[in-house]
Amino acid sequence: MSSANTIVQLPDQSTAQLPRKHYLNQELGLKSWLLTGDHKRIAMLYLFSITFFFFIGGAFASLIRLQLLTPGSDLLAPDTYNKVFSMHGIVMIFLFLVPSVPATLGNFLIPIMIGAKDLAFPKINLLSWYLFVAGGLFILAAMILGGVDTGWTFTTPLSTHYLNTHVVTAALGIFIAGFASILTGLNFIVTIHRMRAPGMTWFRLPLFVWGHYAASILMVLGTPVLAITLVLVALERTIGIGVFDPTKGGDPLLFQHLFWFYSHPAVYIMILPGMAVISEVISTFSRKRIFGYTAVAFSSVAIAIFGFFVWEHHMFIMGVSNYSALVFSLLTMLVAVPSAIKIFNWSATLYKGSITFETPMLYAFGFLGLFTIGGLTGVFLGSMGMDVHLTETYFIVAHFHFVMVGGMLMAYLAGMHFWWPKITGRMYPEAISKLAAVVTFIGFIFTFFPQFILGYLGMPRRYASYPPEFQVLNVLSTAGASILAVGYLLPMLYMPWSLKYGKIAGNNPWQATGLEWQITSPPLTENFVETPIVDHEAYDYEWLANQTEHEVKTVG
Amino acid sequence: MDSPAIATVNGEMQAEAHAHPAYLRHHFETVEQQREAASFGMWLFLLTEVMFFGGMFMAYLIYRNWYHAAFVAGSNTLNIWLGTINTAVLICSSFTMAMAVYSAEKRRRKSLVTYLILTIVLGLAFLGIKAVEYAEKFELHQVPGASFSIEQFVHPTDPKAVALAPDMAEKTQVYFSLYFAMTGMHALHMIIGISILLILVVRALGGAYTEGHMSTIENFGLYWHFVDIVWIFLFPLLYLISRYR
């Protein structure tokens with residue numbers, strides 16, 4: 001085979017047309033959206049809501065960075081600063097990161113990828129969106145009424161005894177939004193088990209589905225524990241029960257155990273769907289089957305299982321026994337194994353692939369680099385000696401932002417660009433989106449890399465002011481954050497623009513193999529005209545080439 | 001075919017009626033698939049409930065080991081007779097619920113409605129007895145919080161009871177915190193269950209569930225039995241600590 005043939009020709013888009021009827025124009029009017037059972041429309045409802053909350057959380061982030069531009073507390077009073085970083089954390093984690101990929105792309109794509117007409121429970125899917133919005137409104141209410149300043153971790157007895165802010169309102173909001181997450185996870189698991197098209201065996205599922213399956217297990221098993229923990233905190237504040245109250249014999253450390261039993265797996269709830277996106281993007285733009293498909297699929301499940309047994313590494317400095325800390329330290333390092341399996345397999349997929357550099361691929365490359373740094377610093381923090389030195393400093397802040405923002409948000413944007421033609425039927429503008437991907441990457445590095453150094457030098461997190469010798473690095477970080485903000489605002493401008501002015505995409509603009517690319521863009525309300533019968537593995541580019549030839553013959 | 005499920009389908013759809021009864025939702029291929037999905041979903045939901053209550057059982061396990069004496073003293077103040085009667089009431093309600101599922105299966109509308117109403121009555125009886133017990137705790141200052149009094153545990157009036165040191169007596173608050181949190185969450189599940197039962201009764205009167213499609217009743221039955229089983233754990237753990245003395 002000559003080398004000229006290895007780079008795939010993308011299809012000619014000049015003749016592409018939108019289908020006459022699709023899920024967006026099947027029914028019109030607000031009511032048809034608010035009462036819809038269509039998983040694709042619910043995904044769009046989620047997309048609007050989480051974008052709204054992302055910008056609220058982003059506004060708080062900007063305030064934090066502006067405040068930290070100078071050593072003194074010049075912009076915000078320390079009390080206000082506490083509220084600002086708490087609201088930033090609560091909004092970004094519970095109202096953006098947890099639902100980000102699963103509730104939008106997952107909702108949209110999982111039924112299509114497995115060849116189903118919808119999720120197993122469309123009404124429950126809609127209910128989950130309403131719960132999410134209700135939870136979001138409670139958190140907004142807490143914010144408007146005067147804020148909450150516990151940090152996103154609701155640490156007792158600070159949250160139960162010493163603060164006079166809207167802790168119960170915010171906790172209630174998270175409780176309700178948590179049920180949205182449980183119902184989404186439940187819906188995904190049942191759908192993946194029971195709704196697969198004929199021939200769609202477990203090992204023919206796209207890795208996107210495997211990643212979401214693993215994340216759903218975590219949502220279903222972890223979130224209820226957070227729910228009961230927040231109920232106990234609320235009961236302690238309102239009627240004075242004493243499960244976490246040392247004056248009544250309760251133990252605040254128990255709160256930490258219960259909270260992190262959810263909140264550590266929550267990190268994997270956030271990252272696994274991101275990894276799921278990356279598998280699809282890397283395979284498509286290398287035109288190769290994912291190297292070690294089975295290993296990548298099982299590594300998702302392994303992360304989900306190991307993820308439940310590492311929570312205590314958040315508590316090494318809280319007086320837990322040294323022996324249990326030792327065990328949890330080892331288990332924590334074990335999580336690095338399945339994560340590394342993914343990174344190595346993606347790299348091996350790239351090796352000798354026919355790589356092209358479309359925007360989703362640029363974001364995916366950003367993910368690979370940033371997630372690797374975030375993941376490796378996680379191994380540092382998993383070892384007890386380092387953790388005692390670095391915990392509660394900016395090193396931690398940098399570490400989880402590398403994973404959550406550098407990893408998850410990059411993956412989210414990769415996925416958004418990748419499936420935008422499928423969701424809307426139109427292409428985003430390629431040149432400016434490439435610019436946005438590069439700007440985001442550069443802005444991110446400048447924002448968070450200095451924070452590793454700051455943390456290593458000992459700058460504690462969650463303080464409104466800092467000694468003047470830390471200013472240079474903080475200014476660098478704030479400057480980086482401004483670049484990062486541009487990187488996030490650009491898609492906000494060109495994505496809506498493309499809805500009207502983007503080029504019409506056609507069914508399969510990337511020559512990708514998934515079932516979602518074999519149907520119209522945007523899809524019909526019922527997804528498939530007839531139930532597909534699957535007779536090939538996922539990422540079978542040869543099958544796709546045969547399909548295309550066949551298509552040309554019959555149309556011609 | 002003249003099964004009752006198909007008799008209700010209107011004329012226009014009768015051509016399709018053989019393959020698609022009216023209750024088959026459009027995104028499922030077969031009735032069997034729809035039924036399996038619903039049942040699997042319910043079991044998963046019950047799994048989340050296990051995790052929800054699991055947090056409190058974990059707390060119970062730890063504190064009972066730490067403050068055993070306080071847990072014994074707290075447990076002995078509960079009214080064992082009311083607790084036992086409530087256990088019996090709840091087991092009976094599980095039986096009537098099982099009979100309701102059976103009636104739906106046999107397509108007997110009247111007995112379905114009767115058993116559902118009986119389940120509601122038994123559920124309300126449980127909540128009533130629970131309310132009596134709660135009221136008693138308020139009167140005896142055994143509700144954690146400002147009005148809680150350790151006096152009764154330091155200087156017990158009952159000659160058979162063991163007096164606790166003030167330090168340990170303080171810890172009875174943890175016992176009562178867990179008592180109220182666990183039975184309270186259980187009661188909340190009962191209230192939700194009874195509300196759903198009311199809807200089921202109205203729908204059953206309208207003719208639903210007795211025409212072949214009964215997975216709603218079946219799955220609600222699972223929920224009701226789950227709530228029952230939680231109580232089967234709560235009763236010995238809360239009421240029966242070292243009762244033999």
# chains A, B, ... in the order shown; residues from 1 in each chain; ligands from 1
>>> interface_residues(of="chain A", to="chain B", cutoff="9 Å", atoms="only C-alpha atoms", output="ChimeraX atom specification")
/A:116-121,182-183,186-187,189-191,193-195,220-229,231-232,235-236,239-245,247-251,254,258,526
>>> write_last_selection(atoms="C-alpha atoms", output="PDB file, in the first residue's frame")
ATOM      1  CA  ALA A 116     -31.436   1.490  20.450  1.00  0.00           C
ATOM      2  CA  LYS A 117     -34.273   3.958  19.897  1.00  0.00           C
ATOM      3  CA  ASP A 118     -33.949   5.545  23.320  1.00  0.00           C
ATOM      4  CA  LEU A 119     -32.709   4.960  26.859  1.00  0.00           C
ATOM      5  CA  ALA A 120     -34.619   2.294  28.782  1.00  0.00           C
ATOM      6  CA  PHE A 121     -36.535   4.864  30.876  1.00  0.00           C
ATOM      7  CA  ILE A 182     -28.190   8.330  40.347  1.00  0.00           C
ATOM      8  CA  LEU A 183     -31.068   8.174  37.863  1.00  0.00           C
ATOM      9  CA  LEU A 186     -29.252   3.697  36.564  1.00  0.00           C
ATOM     10  CA  ASN A 187     -30.738   4.468  33.167  1.00  0.00           C
ATOM     11  CA  ILE A 189     -26.719   0.580  33.143  1.00  0.00           C
ATOM     12  CA  VAL A 190     -30.158  -0.815  32.314  1.00  0.00           C
ATOM     13  CA  THR A 191     -29.936   0.530  28.759  1.00  0.00           C
ATOM     14  CA  HIS A 193     -27.632  -4.337  29.552  1.00  0.00           C
ATOM     15  CA  ARG A 194     -31.046  -4.618  27.974  1.00  0.00           C
ATOM     16  CA  MET A 195     -31.307  -2.398  24.885  1.00  0.00           C
ATOM     17  CA  VAL A 220     -25.302   4.291  41.389  1.00  0.00           C
ATOM     18  CA  LEU A 221     -23.213   2.966  44.278  1.00  0.00           C
ATOM     19  CA  GLY A 222     -21.477   6.129  45.466  1.00  0.00           C
ATOM     20  CA  THR A 223     -23.993   8.935  45.264  1.00  0.00           C
ATOM     21  CA  PRO A 224     -26.476   7.484  47.813  1.00  0.00           C
ATOM     22  CA  VAL A 225     -23.719   7.549  50.435  1.00  0.00           C
ATOM     23  CA  LEU A 226     -23.161  11.256  49.798  1.00  0.00           C
ATOM     24  CA  ALA A 227     -26.918  11.741  50.036  1.00  0.00           C
ATOM     25  CA  ILE A 228     -27.212  10.174  53.484  1.00  0.00           C
ATOM     26  CA  THR A 229     -24.090  12.017  54.677  1.00  0.00           C
ATOM     27  CA  VAL A 231     -28.899  14.385  55.291  1.00  0.00           C
ATOM     28  CA  LEU A 232     -27.052  13.717  58.552  1.00  0.00           C
ATOM     29  CA  LEU A 235     -30.224  17.031  60.580  1.00  0.00           C
ATOM     30  CA  GLU A 236     -27.311  17.975  62.794  1.00  0.00           C
ATOM     31  CA  ILE A 239     -32.614  19.422  64.916  1.00  0.00           C
ATOM     32  CA  GLY A 240     -29.286  18.773  66.625  1.00  0.00           C
ATOM     33  CA  ILE A 241     -28.686  15.036  66.291  1.00  0.00           C
ATOM     34  CA  GLY A 242     -25.073  14.148  67.056  1.00  0.00           C
ATOM     35  CA  VAL A 243     -23.702  11.558  64.644  1.00  0.00           C
ATOM     36  CA  PHE A 244     -20.725  13.790  63.769  1.00  0.00           C
ATOM     37  CA  ASP A 245     -20.765  15.976  66.889  1.00  0.00           C
ATOM     38  CA  THR A 247     -19.743  16.903  72.257  1.00  0.00           C
ATOM     39  CA  LYS A 248     -22.445  14.233  71.929  1.00  0.00           C
ATOM     40  CA  GLY A 249     -20.027  11.381  71.301  1.00  0.00           C
ATOM     41  CA  GLY A 250     -20.091  11.569  67.506  1.00  0.00           C
ATOM     42  CA  ASP A 251     -16.903  11.569  65.464  1.00  0.00           C
ATOM     43  CA  LEU A 254     -16.730   9.496  60.344  1.00  0.00           C
ATOM     44  CA  LEU A 258     -18.535   8.838  54.452  1.00  0.00           C
ATOM     45  CA  GLU A 526     -36.319   7.380  16.416  1.00  0.00           C
TER      46      GLU A 526
END
>>> residues_around(residues="Leu82 (chain B)", least_positions_apart="2", cutoff="12 Å", atoms="only C-alpha atoms", output="ChimeraX atom specification")
/B:77-80,84-89,125-134,136,235,239
>>> write_last_selection(atoms="C-alpha atoms", output="CSV table (one decimal), in the first residue's frame")
chain,number,residue,atom,x,y,z
B,77,THR,CA,-35.6,2.6,77.0
B,78,LEU,CA,-37.4,1.7,73.8
B,79,ASN,CA,-40.8,0.2,74.1
B,80,ILE,CA,-40.2,-3.4,73.0
B,84,THR,CA,-42.7,-6.0,68.2
B,85,ILE,CA,-46.3,-5.1,67.2
B,86,ASN,CA,-44.9,-2.8,64.5
B,87,THR,CA,-42.7,-5.6,63.1
B,88,ALA,CA,-45.7,-7.8,62.9
B,89,VAL,CA,-47.7,-5.1,61.2
B,125,ALA,CA,-50.8,1.7,61.3
B,126,PHE,CA,-47.1,1.3,61.4
B,127,LEU,CA,-46.6,5.0,61.1
B,128,GLY,CA,-49.2,5.7,63.8
B,129,ILE,CA,-47.4,3.4,66.3
B,130,LYS,CA,-44.1,5.0,65.3
B,131,ALA,CA,-45.6,8.4,66.0
B,132,VAL,CA,-46.6,7.2,69.5
B,133,GLU,CA,-43.1,6.0,70.2
B,134,TYR,CA,-41.6,9.3,69.0
B,136,GLU,CA,-42.9,9.2,74.2
B,235,PHE,CA,-35.7,-3.8,64.9
B,239,TYR,CA,-34.6,-2.5,70.2
>>> select_by_dssp(residues="region 27-218 of chain B", states="helix (DSSP H, G or I)", output="VMD selection string")
chain B and resid 31 to 66 68 to 76 80 to 105 109 to 139 151 to 154 166 to 170 172 to 205 215 to 218
>>> residues_around(residues="Asn76 (chain B)", least_positions_apart="3", cutoff="10 Å", atoms="only C-alpha atoms", output="JSON, numbers by chain")
{"B": [70, 71, 72, 73, 79, 80, 161, 238, 239, 240, 241, 242, 243, 245]}
